[in-house]
Structures are given as structure tokens and as C-alpha cells.
Amino acid sequence: QLPFISELLGGLRRETDGKTTLLGFVGSPWTLAAYAVEGGSSRHCMNMKGMMLKDEELAHRLLTKLATVIADYACYQVESGAQFIQIFESWAHHLSEDQWHRFAKPYAEAVADAVHARHPGVPVVYYANGGSAYLSSLSTISTDAVGLDWHVSMATARGLLGTERVLSGNVDPTVLLGGEEDVREAVRKCVAEGGKKLVMNLGHGVLQQTPEEAVGWFVDEVKNVRY
């Protein structure tokens with residue numbers, strides 16, 4: 001149990017209730033396994049990928065355990081006030097398409113399935129950083145929405161995944177280092193290409209160097225969208 005999470009999310013929910021949707025987030029099983037096995041950030045993820053090749057059974061046991069713990073944590077966030085869960089596969093760019101199918105997708109789906117079982121009305125989105133390299137496979141994941149990185153255009157993604165798939169993303173975070181019109185135009189372009197079934201977002205996290213006012217421009221322009 002993490003009491004400060006409950007206190008934080010509960011306070012945010014009371015403050016935002018009826019105004020916006022409160023998003024909770026968790027790391028995916030494969031990404032957290034890779035962080036743990038590597039001991040930190042890694043350029044090639046050699047230790048985790050070595051385990052996958054040399055001791056696949058151990059890798060799957062680790063991923064299974066992490067999926068259970070992460071699912072519990074995601075549900076705890078929902079019970080504390082979160083209304084939407086995003087699963088972050090931050091290290092998907094280390095995986096081949098086949099490896100993603102074997103070592104990432106099943107365990108991310110296990111987390112999503114557990115959230116849906118305990119909280120049926122809560123949507124779950126899966127974001128894979130680098131997943132645009134195997135976008136057609138990414139579309140097969142059973143989460144409610146697919147998060148897109150900024151390496152693929154929203155128009156390309158929408159054309160491949162169809163008009164009924166809920167997508168999230170995918171403005172390049174570095175756009176927020178530009179001027180106000182750069183930010184607003186990027187939002188308008190993404191929305192126009194994404195259509196109505198779009199959760200507007202960046203294609204990765206906000207960079208540390210991003211001016212706070214640029215985030216404000218982004219949010220303000222999203223609020224101005226009219227279909």
C-alpha cells in the first residue's frame with residue numbers, strides 16, 4: 001500500500017470531478033522487468049534480452065509476477081480516484097515485433113484484463129514507445145485504446161487502424177519548445193487527422209525543459225476543438 005498515492009489521487013479527484021477525467025498510470029511488465037534486470041537505463045537492454053534468449057522460462061515467471069503486482073497497483077489507483085489507466089511500455093523500442101508479441105503484449109493485456117475484471121467501467125490505454133515500428137501488430141492489443149508515439153503521423157495510424165479504434169497521442173513533445181502558434185497548429189493537425197475517437201496527448205512525456213506556458217497553450221487549444 002502507498003498511502004500518499006491514495007491521498008494525492010483522492011485530492012485530485014475531488015478538485016477535478018465533473019471538470020475533467022483523472023488519469024492514472026503504471027509501467028508495463030516488460031518495461032519494469034527490463035529496468036530491474038538492467039539496474040537502470042540501458043542502450044541495448046542486453047541483460048534482459050539475454051534472459052529472454054537463454055532462460056525464457058525465468059523471463060516469463062518474472063513477467064507474470066510483475067503483471068500481478070502492476071494490476072493490483074493500477075486497481076489501487078482506480079480505487080483512490082483514477083478514472084482511466086494508461087500502461088506505459090517505455091522500452092518497446094528495444095523489442096522486435098516477434099519479441100513484443102511474446103514478452104510484452106500478453107503481460108500488458110493481463111494487467112488490462114485484471115483492471116477490467118475489478119473495475120469494468122474503467123478504460124485502459126496501452127502506450128508503446130517505439131511501437132509505431134510495428135503498428136499493425138500494436139493494433140491487436142485488447143486494451144480500450146492504443147497510445148501512439150510521435151514517430152508516425154496520426155493520419156497514417158488512423159488509415160491503418162481504422163476509424164473505430166480509439167487512439168491516443170501523438171504530438172512530438174519537442175513542439176512544446178517552439179512558439180505558441182507551433183503548439184496550437186500541431187494540436188489542430190493531430191485532431192484533424194485523428195478524428196473523433198482520439199484521446200489528445202503528446203507522443204511521449206513532457207520534456208524537462210518545456211516551458212509551463214507551452215503546456216498551457218497545448219491544453220487551451222485542445223479545449224478549443226469543435227467537431
# chains A, B, ... in the order shown; residues from 1 in each chain; ligands from 1
call {"tool": "residues_around", "arguments": {"residues": "range 94-108 of chain A", "least_positions_apart": "4", "cutoff": "8 Å", "atoms": "only C-alpha atoms", "output": "NGL selection string"}}
result
:A and (28-30 or 44-45 or 60 or 63-64 or 67 or 87 or 112 or 126 or 134 or 137 or 141)
call {"tool": "write_last_selection", "arguments": {"atoms": "N, CA and C atoms", "output": "compact mmCIF listing (two decimals), in the first residue's frame"}}
result
# COMPACT_ATOMS: atom_id res chain seq x y z
N SER A 28 4.57 -0.88 -17.74
CA SER A 28 4.19 -2.21 -18.22
C SER A 28 5.10 -3.27 -17.61
N PRO A 29 4.66 -4.52 -17.57
CA PRO A 29 5.50 -5.59 -17.03
C PRO A 29 6.86 -5.71 -17.72
N TRP A 30 6.87 -5.69 -19.06
CA TRP A 30 8.17 -5.89 -19.72
C TRP A 30 9.12 -4.73 -19.45
N HIS A 44 21.17 -0.94 -24.93
CA HIS A 44 20.86 -2.13 -25.71
C HIS A 44 20.02 -3.17 -24.97
N CYS A 45 19.81 -2.98 -23.68
CA CYS A 45 18.98 -3.89 -22.88
C CYS A 45 19.50 -5.34 -22.99
N HIS A 60 9.55 -15.38 -18.32
CA HIS A 60 8.09 -15.42 -18.23
C HIS A 60 7.61 -15.46 -16.78
N LEU A 63 7.85 -11.86 -15.56
CA LEU A 63 6.81 -11.04 -16.18
C LEU A 63 5.44 -11.34 -15.58
N THR A 64 5.18 -12.60 -15.29
CA THR A 64 3.90 -12.99 -14.68
C THR A 64 3.74 -12.35 -13.31
N ALA A 67 3.18 -8.61 -13.69
CA ALA A 67 1.84 -8.30 -14.18
C ALA A 67 0.82 -8.31 -13.05
N ILE A 87 -1.10 2.28 -19.50
CA ILE A 87 0.04 1.38 -19.31
C ILE A 87 1.17 1.86 -20.23
N ALA A 112 -4.43 -5.17 -18.10
CA ALA A 112 -5.69 -4.57 -18.55
C ALA A 112 -6.89 -5.45 -18.18
N TYR A 126 -2.93 1.48 -23.82
CA TYR A 126 -1.58 0.94 -23.84
C TYR A 126 -0.74 1.80 -24.76
N TYR A 134 5.86 -1.32 -35.46
CA TYR A 134 5.03 -2.49 -35.77
C TYR A 134 3.57 -2.16 -35.43
N SER A 137 0.64 -4.73 -35.69
CA SER A 137 0.60 -5.66 -34.56
C SER A 137 0.09 -4.98 -33.31
N ILE A 141 -3.72 -5.38 -29.73
CA ILE A 141 -3.79 -5.46 -28.28
C ILE A 141 -5.22 -5.20 -27.81
call {"tool": "select_by_dssp", "arguments": {"residues": "chain A", "states": "alpha helix (DSSP H)", "output": "JSON, numbers by chain"}}
result
{"A": [3, 4, 5, 6, 7, 8, 9, 10, 11, 12, 13, 14, 15, 16, 29, 30, 31, 32, 33, 34, 35, 36, 37, 38, 46, 47, 48, 49, 50, 51, 52, 53, 54, 56, 57, 58, 59, 60, 61, 62, 63, 64, 65, 66, 67, 68, 69, 70, 71, 72, 73, 74, 75, 76, 77, 78, 79, 80, 97, 98, 99, 105, 106, 107, 108, 109, 110, 111, 112, 113, 114, 115, 116, 117, 118, 135, 136, 137, 138, 154, 155, 156, 157, 158, 159, 160, 161, 180, 181, 182, 183, 184, 185, 186, 187, 188, 189, 190, 191, 192, 193, 194, 212, 213, 214, 215, 216, 217, 218, 219, 220, 221, 222, 223]}
call {"tool": "closest_residue", "arguments": {"among": "A:Asp17, A:Glu193, A:Asp113, A:Glu57", "to": "Ile70 in chain A", "atoms": "only C-alpha atoms"}}
result
A:Asp113
call {"tool": "residues_around", "arguments": {"residues": "Asp172 in chain A", "least_positions_apart": "4", "cutoff": "10 Å", "atoms": "only C-alpha atoms", "output": "CSV table (one decimal) with N, CA and C atoms, in the first residue's frame"}}
result
chain,number,residue,atom,x,y,z
A,149,ASP,N,3.3,6.7,-30.4
A,149,ASP,CA,4.5,7.6,-30.2
A,149,ASP,C,4.4,8.6,-31.4
A,150,TRP,N,5.3,9.6,-31.4
A,150,TRP,CA,5.3,10.7,-32.3
A,150,TRP,C,6.0,10.4,-33.6
A,151,HIS,N,6.6,9.2,-33.8
A,151,HIS,CA,7.3,8.8,-35.0
A,151,HIS,C,6.4,8.5,-36.2
A,152,VAL,N,5.1,8.3,-35.9
A,152,VAL,CA,4.2,8.0,-37.0
A,152,VAL,C,3.2,9.2,-37.1
A,153,SER,N,2.8,9.5,-38.2
A,153,SER,CA,1.8,10.6,-38.3
A,153,SER,C,0.4,10.0,-37.9
A,176,LEU,N,6.6,21.6,-28.1
A,176,LEU,CA,6.3,22.5,-27.0
A,176,LEU,C,7.5,23.4,-26.6
A,183,VAL,N,2.7,25.2,-31.4
A,183,VAL,CA,2.0,24.3,-30.5
A,183,VAL,C,0.5,24.2,-30.9
A,186,ALA,N,0.1,22.3,-34.2
A,186,ALA,CA,0.3,20.8,-34.0
A,186,ALA,C,-0.9,20.1,-33.4
A,201,ASN,N,-3.1,13.9,-26.9
A,201,ASN,CA,-2.0,13.7,-26.0
A,201,ASN,C,-0.7,14.0,-26.8
A,202,LEU,N,0.4,14.0,-26.0
A,202,LEU,CA,1.7,14.0,-26.7
A,202,LEU,C,2.1,12.6,-27.1
A,203,GLY,N,3.1,12.5,-27.9
A,203,GLY,CA,3.6,11.2,-28.4
A,203,GLY,C,4.7,10.7,-27.4
A,204,HIS,N,4.9,11.3,-26.3
A,204,HIS,CA,5.8,10.9,-25.2
A,204,HIS,C,5.6,11.9,-24.1
A,205,GLY,N,6.4,11.8,-23.0
A,205,GLY,CA,6.2,12.7,-21.9
A,205,GLY,C,6.6,14.1,-22.2
A,206,VAL,N,6.2,15.0,-21.3
A,206,VAL,CA,6.7,16.4,-21.4
A,206,VAL,C,8.1,16.5,-21.0
call {"tool": "atom_distance", "arguments": {"atom1": "CA of Leu32 in chain A", "atom2": "CA of Gly131 in chain A"}}
result
16.6 Å
call {"tool": "closest_residue", "arguments": {"among": "A:Leu9, A:Val222, A:Ala92, A:Ala82", "to": "Val187 in chain A", "atoms": "only C-alpha atoms"}}
result
A:Val222
call {"tool": "select_by_dssp", "arguments": {"residues": "range 6-193 of chain A", "states": "strand (DSSP E)", "output": "CSV table (one decimal) with N, CA, C and O atoms, in the first residue's frame"}}
result
chain,number,residue,atom,x,y,z
A,23,LEU,N,-6.5,10.7,-14.9
A,23,LEU,CA,-5.7,9.6,-15.5
A,23,LEU,C,-4.7,9.0,-14.5
A,23,LEU,O,-3.9,9.8,-13.8
A,24,GLY,N,-4.7,7.7,-14.3
A,24,GLY,CA,-3.7,7.0,-13.5
A,24,GLY,C,-2.8,6.3,-14.5
A,24,GLY,O,-3.1,6.1,-15.7
A,25,PHE,N,-1.6,6.0,-14.1
A,25,PHE,CA,-0.7,5.3,-15.0
A,25,PHE,C,0.3,4.3,-14.3
A,25,PHE,O,0.6,4.5,-13.1
A,26,VAL,N,0.7,3.3,-15.0
A,26,VAL,CA,1.6,2.3,-14.5
A,26,VAL,C,2.6,1.9,-15.6
A,26,VAL,O,2.3,2.1,-16.8
A,27,GLY,N,3.7,1.5,-15.2
A,27,GLY,CA,4.7,0.9,-16.1
A,27,GLY,C,4.2,-0.5,-16.5
A,27,GLY,O,3.5,-1.2,-15.8
A,84,PHE,N,-9.2,6.4,-15.4
A,84,PHE,CA,-8.6,5.9,-16.7
A,84,PHE,C,-7.2,5.5,-16.4
A,84,PHE,O,-6.5,6.2,-15.6
A,85,ILE,N,-6.8,4.4,-16.9
A,85,ILE,CA,-5.4,3.9,-16.6
A,85,ILE,C,-4.6,3.8,-17.9
A,85,ILE,O,-5.1,3.3,-19.0
A,86,GLN,N,-3.4,4.3,-17.9
A,86,GLN,CA,-2.5,4.2,-19.1
A,86,GLN,C,-1.4,3.3,-18.7
A,86,GLN,O,-0.7,3.5,-17.6
A,87,ILE,N,-1.1,2.3,-19.5
A,87,ILE,CA,0.0,1.4,-19.3
A,87,ILE,C,1.2,1.9,-20.2
A,87,ILE,O,1.0,1.9,-21.4
A,88,PHE,N,2.3,2.2,-19.6
A,88,PHE,CA,3.4,2.7,-20.4
A,88,PHE,C,4.4,1.6,-20.7
A,88,PHE,O,5.0,1.0,-19.8
A,89,GLU,N,4.6,1.3,-22.0
A,89,GLU,CA,5.7,0.4,-22.5
A,89,GLU,C,6.8,1.3,-23.0
A,89,GLU,O,7.0,1.5,-24.2
A,124,VAL,N,-8.7,1.4,-20.4
A,124,VAL,CA,-7.3,1.2,-20.3
A,124,VAL,C,-6.7,1.5,-21.6
A,124,VAL,O,-7.1,1.0,-22.6
A,125,VAL,N,-5.6,2.3,-21.6
A,125,VAL,CA,-4.9,2.6,-22.9
A,125,VAL,C,-3.5,2.0,-22.7
A,125,VAL,O,-2.9,2.1,-21.7
A,126,TYR,N,-2.9,1.5,-23.8
A,126,TYR,CA,-1.6,0.9,-23.8
A,126,TYR,C,-0.7,1.8,-24.8
A,126,TYR,O,-1.0,2.0,-25.9
A,127,TYR,N,0.3,2.4,-24.2
A,127,TYR,CA,1.3,3.2,-25.0
A,127,TYR,C,2.6,2.5,-25.1
A,127,TYR,O,3.2,2.1,-24.1
A,128,ALA,N,3.1,2.3,-26.3
A,128,ALA,CA,4.4,1.7,-26.6
A,128,ALA,C,5.3,2.6,-27.3
A,128,ALA,O,5.1,3.0,-28.4
A,145,ALA,N,-7.8,1.4,-25.8
A,145,ALA,CA,-7.2,2.4,-26.7
A,145,ALA,C,-5.7,2.1,-26.9
A,145,ALA,O,-5.1,1.4,-26.1
A,146,VAL,N,-5.2,2.6,-28.0
A,146,VAL,CA,-3.8,2.4,-28.4
A,146,VAL,C,-3.1,3.8,-28.3
A,146,VAL,O,-3.6,4.7,-29.0
A,147,GLY,N,-2.1,3.9,-27.5
A,147,GLY,CA,-1.3,5.2,-27.5
A,147,GLY,C,-0.2,5.1,-28.5
A,147,GLY,O,0.5,4.1,-28.7
A,166,VAL,N,-10.0,3.5,-30.9
A,166,VAL,CA,-9.7,4.7,-30.1
A,166,VAL,C,-8.1,4.9,-30.0
A,166,VAL,O,-7.4,3.9,-29.6
A,167,LEU,N,-7.6,6.0,-30.4
A,167,LEU,CA,-6.2,6.3,-30.4
A,167,LEU,C,-5.9,7.4,-29.4
A,167,LEU,O,-6.7,8.2,-29.1
A,168,SER,N,-4.7,7.4,-28.9
A,168,SER,CA,-4.2,8.4,-28.0
A,168,SER,C,-2.8,9.0,-28.5
A,168,SER,O,-2.0,8.2,-28.9
A,169,GLY,N,-2.7,10.2,-28.5
A,169,GLY,CA,-1.4,10.8,-28.9
A,169,GLY,C,-1.7,12.0,-29.8
A,169,GLY,O,-2.8,12.6,-29.9
A,170,ASN,N,-0.7,12.4,-30.6
A,170,ASN,CA,0.7,11.9,-30.6
A,170,ASN,C,1.6,13.0,-31.1
A,170,ASN,O,2.5,12.8,-31.8
A,171,VAL,N,1.4,14.2,-30.5
A,171,VAL,CA,2.2,15.4,-30.9
A,171,VAL,C,3.6,15.2,-30.4
A,171,VAL,O,3.8,14.8,-29.2
call {"tool": "closest_residue", "arguments": {"among": "A:Lys49, A:Arg226, A:Lys65, A:Lys54", "to": "Val191 in chain A", "atoms": "only C-alpha atoms"}}
result
A:Arg226
call {"tool": "atom_distance", "arguments": {"atom1": "CA of Met154 in chain A", "atom2": "CA of Thr21 in chain A"}}
result
22.7 Å
call {"tool": "atom_distance", "arguments": {"atom1": "CA of Ser80 in chain A", "atom2": "CA of Thr68 in chain A"}}
result
18.4 Å
